[in-house]
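**Student:** Next comes structure.txt, compact mmCIF, C-alpha atoms:
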```txt
# COMPACT_ATOMS: atom_id res chain seq x y z
CA MET A 17 -9.43 -25.57 0.26
CA PRO A 18 -7.73 -22.96 -1.97
CA THR A 19 -8.71 -23.07 -5.62
CA LYS A 20 -6.10 -23.14 -8.35
CA PRO A 21 -5.64 -19.70 -9.99
CA SER A 22 -7.02 -19.39 -13.50
CA PRO A 23 -4.56 -19.09 -16.42
CA LEU A 24 -5.58 -15.44 -16.85
CA SER A 25 -4.95 -14.73 -13.18
CA VAL A 26 -1.49 -16.35 -13.41
CA GLN A 27 -0.70 -14.27 -16.49
CA LEU A 28 -1.73 -11.06 -14.73
CA HIS A 29 0.25 -11.94 -11.60
CA GLN A 30 3.38 -12.51 -13.68
CA SER A 31 3.01 -9.19 -15.48
CA LEU A 32 2.43 -7.37 -12.19
CA GLU A 33 5.76 -8.72 -10.93
CA LEU A 34 7.38 -7.21 -14.03
CA VAL A 35 5.74 -3.86 -13.23
CA ALA A 36 7.13 -4.06 -9.69
CA ALA A 37 10.58 -4.92 -11.06
CA SER A 38 10.49 -1.82 -13.27
CA LEU A 39 9.58 0.33 -10.26
CA ILE A 40 12.45 -1.20 -8.27
CA ASP A 41 14.80 -0.22 -11.08
CA ARG A 42 13.27 3.25 -11.26
CA TYR A 43 13.91 3.86 -7.56
CA LYS A 44 17.29 2.04 -7.62
CA LEU A 45 16.29 -0.20 -4.71
CA LYS A 46 18.66 -2.90 -3.58
CA HIS A 47 17.19 -6.23 -4.71
CA SER A 48 19.78 -8.99 -4.74
CA ARG A 49 17.36 -11.97 -4.93
CA SER A 50 19.81 -13.88 -2.75
CA GLU A 51 16.96 -15.73 -1.03
CA ILE A 52 14.99 -17.38 -3.82
CA ASN A 53 11.80 -17.78 -1.76
CA LEU A 54 11.77 -14.05 -1.02
CA SER A 55 12.83 -12.76 -4.41
CA GLU A 56 9.45 -11.57 -5.76
CA PRO A 57 9.76 -7.95 -6.89
CA LEU A 58 6.33 -7.13 -5.40
CA LEU A 59 7.58 -8.07 -1.94
CA ARG A 60 10.52 -5.66 -2.21
CA TRP A 61 8.45 -2.90 -3.80
CA VAL A 62 5.59 -3.02 -1.28
CA ASP A 63 8.04 -3.04 1.64
CA PHE A 64 9.49 0.17 0.21
CA THR A 65 6.10 1.84 -0.35
CA HIS A 66 5.06 1.13 3.24
CA ARG A 67 8.21 2.77 4.58
CA PHE A 68 8.28 5.71 2.18
CA ILE A 69 6.73 8.83 3.72
CA ALA A 70 4.36 10.37 1.20
CA PRO A 71 5.16 14.09 0.81
CA ARG A 72 2.15 15.84 2.35
CA ALA A 73 1.66 18.80 4.67
CA ARG A 74 1.00 17.46 8.17
CA ARG A 75 0.05 18.90 11.51
CA ILE A 76 2.48 18.22 14.34
CA GLU A 77 1.69 16.87 17.78
CA ILE A 78 4.37 16.27 20.41
CA SER A 79 4.85 13.59 23.05
CA ARG A 80 5.60 14.51 26.65
CA ARG A 81 8.83 12.52 26.27
CA LEU A 82 10.24 14.87 23.68
CA PRO A 83 13.01 16.92 25.35
CA LYS A 84 12.01 20.47 26.22
CA ARG A 85 15.62 21.59 25.85
CA LEU A 86 17.69 20.28 22.97
CA PRO A 87 21.46 19.97 22.54
CA SER A 88 22.67 23.13 20.81
CA GLU A 89 24.12 21.16 17.88
CA ILE A 90 20.69 19.88 16.79
CA GLU A 91 18.34 22.70 17.77
CA ALA A 92 18.46 24.35 14.35
CA ALA A 93 18.10 20.99 12.59
CA TYR A 94 15.02 20.18 14.69
CA PHE A 95 13.24 23.41 13.80
CA LEU A 96 14.12 22.91 10.14
CA MET A 97 12.56 19.44 10.35
CA LEU A 98 9.37 20.92 11.84
CA GLY A 99 9.19 23.26 8.86
CA ARG A 100 9.65 20.42 6.38
CA ILE A 101 6.85 18.44 8.03
CA ARG A 102 4.41 21.35 8.04
CA GLN A 103 5.20 22.32 4.45
CA GLY A 104 4.90 18.79 3.07
CA ALA A 105 8.53 18.56 1.96
CA ASP A 106 10.10 15.21 1.15
CA LEU A 107 11.21 13.73 4.49
CA ASN A 108 12.66 10.54 3.05
CA PRO A 109 16.21 11.93 2.50
CA TYR A 110 16.39 12.05 6.31
CA GLN A 111 15.42 8.40 6.76
CA SER A 112 17.98 5.63 7.09
CA VAL A 113 19.81 4.94 3.84
CA GLY A 114 18.63 1.37 4.34
CA LEU A 115 15.36 2.49 2.77
CA ILE A 116 17.04 2.11 -0.61
CA LYS A 117 20.67 1.05 -0.31
CA HIS A 118 20.97 -1.64 2.38
CA HIS A 119 17.69 -3.26 3.37
CA ASP A 120 16.55 -5.93 0.94
CA THR A 121 13.66 -8.34 1.52
CA SER A 122 15.48 -10.88 -0.68
CA GLY A 123 18.83 -10.50 1.06
CA ALA A 124 20.76 -13.36 2.64
CA LYS A 125 20.85 -11.79 6.13
CA ARG A 126 17.51 -11.85 7.93
CA GLN A 127 18.28 -8.77 10.05
CA ASN A 128 18.92 -6.67 6.92
CA ARG A 129 15.68 -7.45 5.11
CA THR A 130 13.80 -4.40 6.37
CA ASP A 131 13.77 -1.67 9.00
CA GLN A 132 12.89 -3.80 12.02
CA LEU A 133 11.83 -0.88 14.20
CA PHE A 134 9.29 0.25 11.62
CA ALA A 135 8.13 -3.28 10.84
CA ASP A 136 7.55 -4.03 14.52
CA TRP A 137 6.28 -0.73 15.90
CA GLY A 138 5.46 1.41 12.86
CA ILE A 139 7.85 4.11 14.09
CA HIS A 140 10.06 6.07 11.69
CA HIS A 141 13.36 7.62 12.67
CA LEU A 142 14.63 10.73 10.90
CA HIS A 143 18.19 12.05 11.06
CA LEU A 144 18.19 15.57 12.48
CA SER A 145 20.50 17.17 9.97
CA ALA A 146 20.53 20.82 8.95
CA GLY A 147 22.14 19.84 5.66
CA THR A 148 20.45 19.01 2.38
CA PRO A 149 21.35 16.21 -0.05
CA ARG A 150 24.52 16.75 -2.02
CA GLU A 151 24.30 16.69 -5.80
CA GLY A 152 23.98 13.10 -6.99
CA ASP A 153 22.90 11.77 -3.60
CA TYR A 154 19.28 11.37 -2.53
CA PHE A 155 20.05 11.27 1.19
CA ALA A 156 20.91 14.23 3.40
CA PRO A 157 24.09 14.13 5.52
CA ARG A 158 23.77 11.70 8.41
CA SER A 159 23.31 12.83 12.00
CA SER A 160 23.78 10.95 15.27
CA TRP A 161 20.60 12.53 16.64
CA LEU A 162 17.35 10.88 15.60
CA LEU A 163 13.76 12.09 15.70
CA PHE A 164 11.39 9.17 16.34
CA CYS A 165 7.92 9.74 14.94
CA TYR A 166 4.70 8.00 13.96
CA ILE A 167 3.21 9.17 10.68
CA HIS A 168 -0.55 8.78 10.32
CA HIS A 169 -2.18 10.37 7.27
CA ASP A 170 -1.96 14.14 7.90
CA LEU A 171 -0.50 13.80 11.41
CA ALA A 172 3.15 13.64 12.42
CA ALA A 173 3.27 12.35 16.00
CA LEU A 174 6.71 13.29 17.36
CA ILE A 175 7.69 10.80 20.05
CA ASP A 176 11.25 11.46 21.17
CA ILE A 177 14.72 12.60 20.16
CA ARG A 178 17.49 10.15 20.95
CA HIS A 179 21.16 9.65 20.16
CA HIS A 180 21.95 6.87 17.73
CA ASP A 181 24.45 5.33 20.16
CA ASP A 182 22.01 5.06 23.08
CA GLU A 183 21.82 1.47 24.27
CA ASP A 184 19.08 -0.55 22.50
CA VAL A 185 17.56 2.67 21.24
CA PHE A 186 15.67 0.91 18.43
CA SER A 187 14.06 -1.62 20.78
CA ASP A 188 13.37 0.73 23.69
CA THR A 189 9.76 0.19 24.76
CA ASP A 190 9.66 3.80 26.02
CA LEU A 191 9.01 4.75 22.40
CA VAL A 192 5.77 2.77 22.22
CA GLU A 193 4.76 3.70 25.76
CA ALA A 194 5.07 7.37 24.81
CA LEU A 195 2.98 6.75 21.71
CA VAL A 196 0.21 5.01 23.69
CA GLU A 197 0.32 7.61 26.45
CA ARG A 198 0.00 10.65 24.17
CA TRP A 199 -2.21 9.22 21.41
CA PRO A 200 -4.54 6.62 22.97
CA ASP A 201 -7.13 6.94 20.19
CA LEU A 202 -4.47 6.30 17.57
CA THR A 203 -3.15 3.19 19.31
CA SER A 204 -6.32 1.67 20.80
CA SER A 205 -6.72 -0.79 17.91
CA PHE A 206 -3.37 -2.36 18.84
CA ARG A 207 -4.47 -3.23 22.36
CA ALA A 208 -5.06 -6.99 22.70
CA ARG A 209 -8.22 -7.13 24.79
CA GLY A 210 -8.86 -10.25 26.79
CA ILE A 211 -5.17 -11.11 26.95
CA THR A 212 -3.20 -10.83 30.16
CA PRO A 213 0.19 -9.29 29.46
CA GLY A 214 3.20 -11.38 30.36
CA ARG A 215 6.33 -10.19 32.05
CA SER A 216 8.04 -7.18 30.55
CA LEU A 217 11.11 -8.05 28.49
CA THR A 218 14.31 -6.08 28.63
CA ASN A 219 15.07 -3.94 25.61
CA SER A 220 18.06 -6.17 24.84
CA ASP A 221 15.90 -9.30 24.95
CA ARG A 222 13.38 -7.68 22.64
CA ALA A 223 16.10 -6.71 20.17
CA MET A 224 17.47 -10.26 20.16
CA LEU A 225 14.02 -11.81 19.58
CA ARG A 226 13.22 -9.28 16.88
CA LYS A 227 16.36 -10.24 14.98
CA ALA A 228 15.23 -13.86 15.16
CA GLY A 229 11.86 -12.94 13.67
CA VAL A 230 10.00 -13.50 16.94
CA ASN A 231 7.19 -11.04 17.68
CA THR A 232 6.55 -10.04 21.29
CA MET A 233 3.62 -8.35 22.99
CA LEU A 234 4.14 -5.17 24.95
CA ASN A 235 3.05 -4.71 28.56
CA ILE A 236 1.94 -1.08 28.81
CA ASN A 237 0.16 0.08 31.95
CA GLY A 238 -0.99 -3.46 32.64
CA HIS A 239 -2.44 -3.98 29.17
CA ALA A 240 -1.13 -6.14 26.34
CA TYR A 241 -0.37 -4.39 23.06
CA MET A 242 0.75 -5.79 19.75
CA GLY A 243 3.37 -3.80 17.87
CA PRO A 244 1.73 -0.96 15.92
CA GLY A 245 3.76 -2.03 12.88
CA LEU A 246 2.20 -5.53 13.08
CA GLY A 247 5.54 -7.28 13.51
CA LEU A 248 7.80 -9.50 11.46
CA THR A 249 7.42 -12.86 9.77
CA SER A 250 9.75 -15.77 10.62
CA ALA A 251 11.70 -14.79 7.49
CA GLY A 252 12.35 -11.32 8.89
CA THR A 253 10.06 -9.55 6.44
CA PRO A 254 7.26 -7.23 7.65
CA ALA A 255 3.96 -8.95 8.40
CA LYS A 256 2.16 -5.86 7.10
CA THR A 257 3.83 -6.33 3.72
CA GLN A 258 2.71 -9.95 3.58
CA PHE A 259 -0.87 -8.90 4.37
CA SER A 260 -0.72 -6.36 1.53
CA LEU A 261 0.54 -9.03 -0.87
CA MET A 262 -2.36 -11.28 0.09
CA HIS A 263 -4.78 -8.45 -0.74
CA ILE A 264 -2.98 -7.79 -4.03
CA HIS A 265 -3.19 -11.44 -5.07
CA ARG A 266 -6.86 -11.60 -4.14
CA ALA A 267 -7.59 -8.40 -6.10
CA VAL A 268 -5.84 -9.76 -9.20
CA ASP A 269 -7.92 -12.94 -8.97
CA VAL A 270 -11.10 -10.85 -8.72
CA LEU A 271 -10.02 -8.76 -11.70
CA ALA A 272 -9.28 -11.84 -13.79
CA ASP A 273 -12.22 -14.05 -12.87
CA ASP A 274 -15.00 -11.62 -11.96
CA VAL A 275 -14.27 -8.54 -14.08
CA ILE A 276 -12.41 -9.49 -17.25
CA GLU A 277 -14.25 -12.81 -17.64
CA ASP A 278 -17.64 -11.23 -16.98
CA PRO A 279 -19.62 -11.87 -20.22
CA ASN A 280 -21.59 -8.67 -19.65
CA GLY A 281 -18.66 -6.48 -18.64
CA GLN A 282 -16.62 -3.86 -20.48
CA PHE A 283 -13.82 -6.28 -21.35
CA ALA A 284 -16.19 -8.75 -23.03
CA GLU A 285 -17.91 -5.89 -24.83
CA HIS A 286 -14.52 -4.64 -26.02
CA THR A 287 -13.48 -8.03 -27.44
CA ARG A 288 -16.82 -8.38 -29.26
CA ARG A 289 -16.53 -4.89 -30.72
CA PHE A 290 -13.05 -5.58 -32.10
CA ASN A 291 -13.78 -9.23 -32.97
CA ILE A 292 -10.97 -10.48 -30.73
CA THR A 293 -11.10 -14.24 -30.22
CA ASP A 294 -7.97 -14.71 -28.07
CA ALA A 295 -7.51 -11.62 -25.91
CA GLN A 296 -4.16 -11.35 -24.09
CA TYR A 297 -3.96 -9.16 -21.00
CA GLU A 298 -1.11 -7.80 -18.91
CA PHE A 299 -0.49 -5.03 -16.39
CA VAL A 300 1.36 -1.95 -17.64
CA LEU A 301 2.25 1.52 -16.38
CA THR A 302 0.69 4.33 -18.39
CA PRO A 303 0.66 8.15 -18.13
CA ARG A 304 -2.67 7.77 -16.34
CA GLY A 305 -1.59 5.08 -13.87
CA LEU A 306 -1.65 1.29 -13.57
CA ALA A 307 -3.65 -0.33 -16.35
CA VAL A 308 -4.67 -3.66 -17.84
CA TYR A 309 -3.43 -3.77 -21.43
CA GLU A 310 -5.03 -5.88 -24.17
CA LYS A 311 -2.32 -6.67 -26.69
CA GLU A 312 -4.23 -7.34 -29.92
CA SER A 313 -6.28 -4.14 -29.82
CA GLN A 314 -3.46 -2.23 -28.08
CA THR A 315 -5.93 -0.87 -25.55
CA ALA A 316 -5.16 0.05 -21.94
CA PHE A 317 -7.89 -0.05 -19.29
CA VAL A 318 -6.71 2.18 -16.43
CA LEU A 319 -7.63 0.94 -12.97
CA PRO A 320 -9.84 3.28 -10.95
CA ARG A 321 -8.40 5.50 -8.23
CA VAL A 322 -9.93 6.11 -4.82
CA ARG A 323 -12.31 9.04 -5.17
CA ASP A 324 -12.22 12.04 -2.85
CA GLY A 325 -14.69 11.59 -0.03
CA SER A 326 -14.99 7.84 -0.57
CA GLU A 327 -15.26 6.03 2.77
CA GLN A 328 -14.00 2.69 1.49
CA ALA A 329 -11.96 1.75 -1.56
CA SER A 330 -13.16 -0.88 -3.97
CA VAL A 331 -10.99 -3.93 -4.64
CA LEU A 332 -9.56 -2.43 -7.83
CA GLU A 333 -9.08 1.02 -6.29
CA ALA A 334 -7.15 -0.55 -3.42
CA LEU A 335 -5.06 -2.57 -5.88
CA HIS A 336 -4.13 0.59 -7.77
CA GLU A 337 -3.20 2.49 -4.60
CA THR A 338 -1.20 -0.40 -3.11
CA VAL A 339 0.88 -1.10 -6.21
CA LEU A 340 1.21 2.49 -7.43
CA PRO A 341 0.56 5.05 -4.67
CA GLU A 342 -0.13 8.60 -5.83
CA TRP A 343 3.35 9.79 -4.85
CA ALA A 344 4.96 6.99 -6.91
CA PHE A 345 2.72 7.75 -9.89
CA ALA A 346 3.62 11.45 -9.68
CA SER A 347 7.33 10.64 -9.63
CA LEU A 348 7.08 8.67 -12.87
CA LYS A 349 6.62 11.99 -14.67
CA GLU A 350 9.97 13.24 -13.36
CA PRO A 351 13.16 12.67 -15.42
CA ASP A 352 14.85 10.85 -12.53
CA THR A 353 13.63 9.70 -9.16
CA LEU A 354 16.30 8.62 -6.71
CA SER A 355 20.04 8.39 -7.13
```
When written as structure tokens, how does the structure in this file appear?
**Tutor:**
Amino acid sequence: MPTKPSPLSVQLHQSLELVAASLIDRYKLKHSRSEINLSEPLLRWVDFTHRFIAPRARRIEISRRLPKRLPSEIEAAYFLMLGRIRQGADLNPYQSVGLIKHHDTSGAKRQNRTDQLFADWGIHHLHLSAGTPREGDYFAPRSSWLLFCYIHHDLAALIDIRHHDDEDVFSDTDLVEALVERWPDLTSSFRARGITPGRSLTNSDRAMLRKAGVNTMLNINGHAYMGPGLGLTSAGTPAKTQFSLMHIHRAVDVLADDVIEDPNGQFAEHTRRFNITDAQYEFVLTPRGLAVYEKESQTAFVLPRVRDGSEQASVLEALHETVLPEWAFASLKEPDTLS
């Protein structure tokens, strides 16, 4: 049976929501709070961080489904995109504008709460445009030709190039089949072993069920696969985002009850040193990252970051990275982020 959160944990959770709200404002994300049960700023912020492609130089691997000959009107744009990927340029201006302007986890319309293709299958789509963002606009000019890709750490797995108006293009199982076919090691963890796959759905049926928040297994070469994006909740929000929120809440509880309240820890030592009898803590953003701030002594304790070469992040390292990824922290030093 779940235990009731401690008052300190509740206080920290509330302040973390305020941090998330400030980041939403910083990135100018749409956050209407139309659906009260989905209005937490952390939900909106974490959905955005999952979809945002961290600027990093990546190697490129290509699916067999990618056309060997491209329409002349997009050939130059395609090779420019390859250069951006290899150089670690910001690819997000070529994503759907829904990343910032339209999709909203708290919105009234279920189908507009996130990018359903990415939430279900973990596949990004980038507009193949030779243009660059106009002054005052974060996004590059739109293109009807889309590059479908799977981003995994330092790898950009290019799956296919399709026209935006192709029928059911965003629910076409060929995209996942190509991913499994070309990168079996990357997708093996999504295979549901011991489960017999059911009949294959049409792409139209899958699109309809996805809009209703119903997750479906994929029948690929006689094996059952779950969507590499982990699917959607019944509310139309990404399941992966909900899992991340669960980890965040658990980490905050650990921080409150096992770290700050530890009588032999650094927080207790700090309060004794400064003779603080009623310490008050909250999360804040600092020039060094996400921190726990003690109000009376005006002291910030910066959360640890994942160290280079570390095989597994600690609870607090994971909390720092989930709430404030390195790319988001770096952008806080810039005069403006997105417009």
**Student:** May I ask for the distance between CA of Leu28 (chain A) and CA of His263 (chain A), given in Å to one decimal place?
**Tutor:** 14.6 Å
**Student:** Please compute the CA of Glu310 (chain A)-CA of Ala36 (chain A) distance, one decimal, in Å.
**Tutor:**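 Separation between CA of Glu310 (chain A) and CA of Ala36 (chain A): 19.0 Å.
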**Student:** With distances taken over all atoms listed in the file, which of A:Asn219, A:Thr121, A:Gln27, A:Gln103 is nearest to Leu45 (chain A)?
**Tutor:** A:Thr121
**Student:** Counting all atoms listed in the file, which residue out of A:Gly247, A:Val268, A:Trp161, A:Glu183 sits closest to Ser88 (chain A)?
**Tutor:**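 Under the stated criterion, the closest residue is A:Trp161.
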**Student:** Enter the distance from CA of Leu271 (chain A) to CA of Lys256 (chain A), in Å, rounded to one decimal.
**Tutor:** 22.6 Å
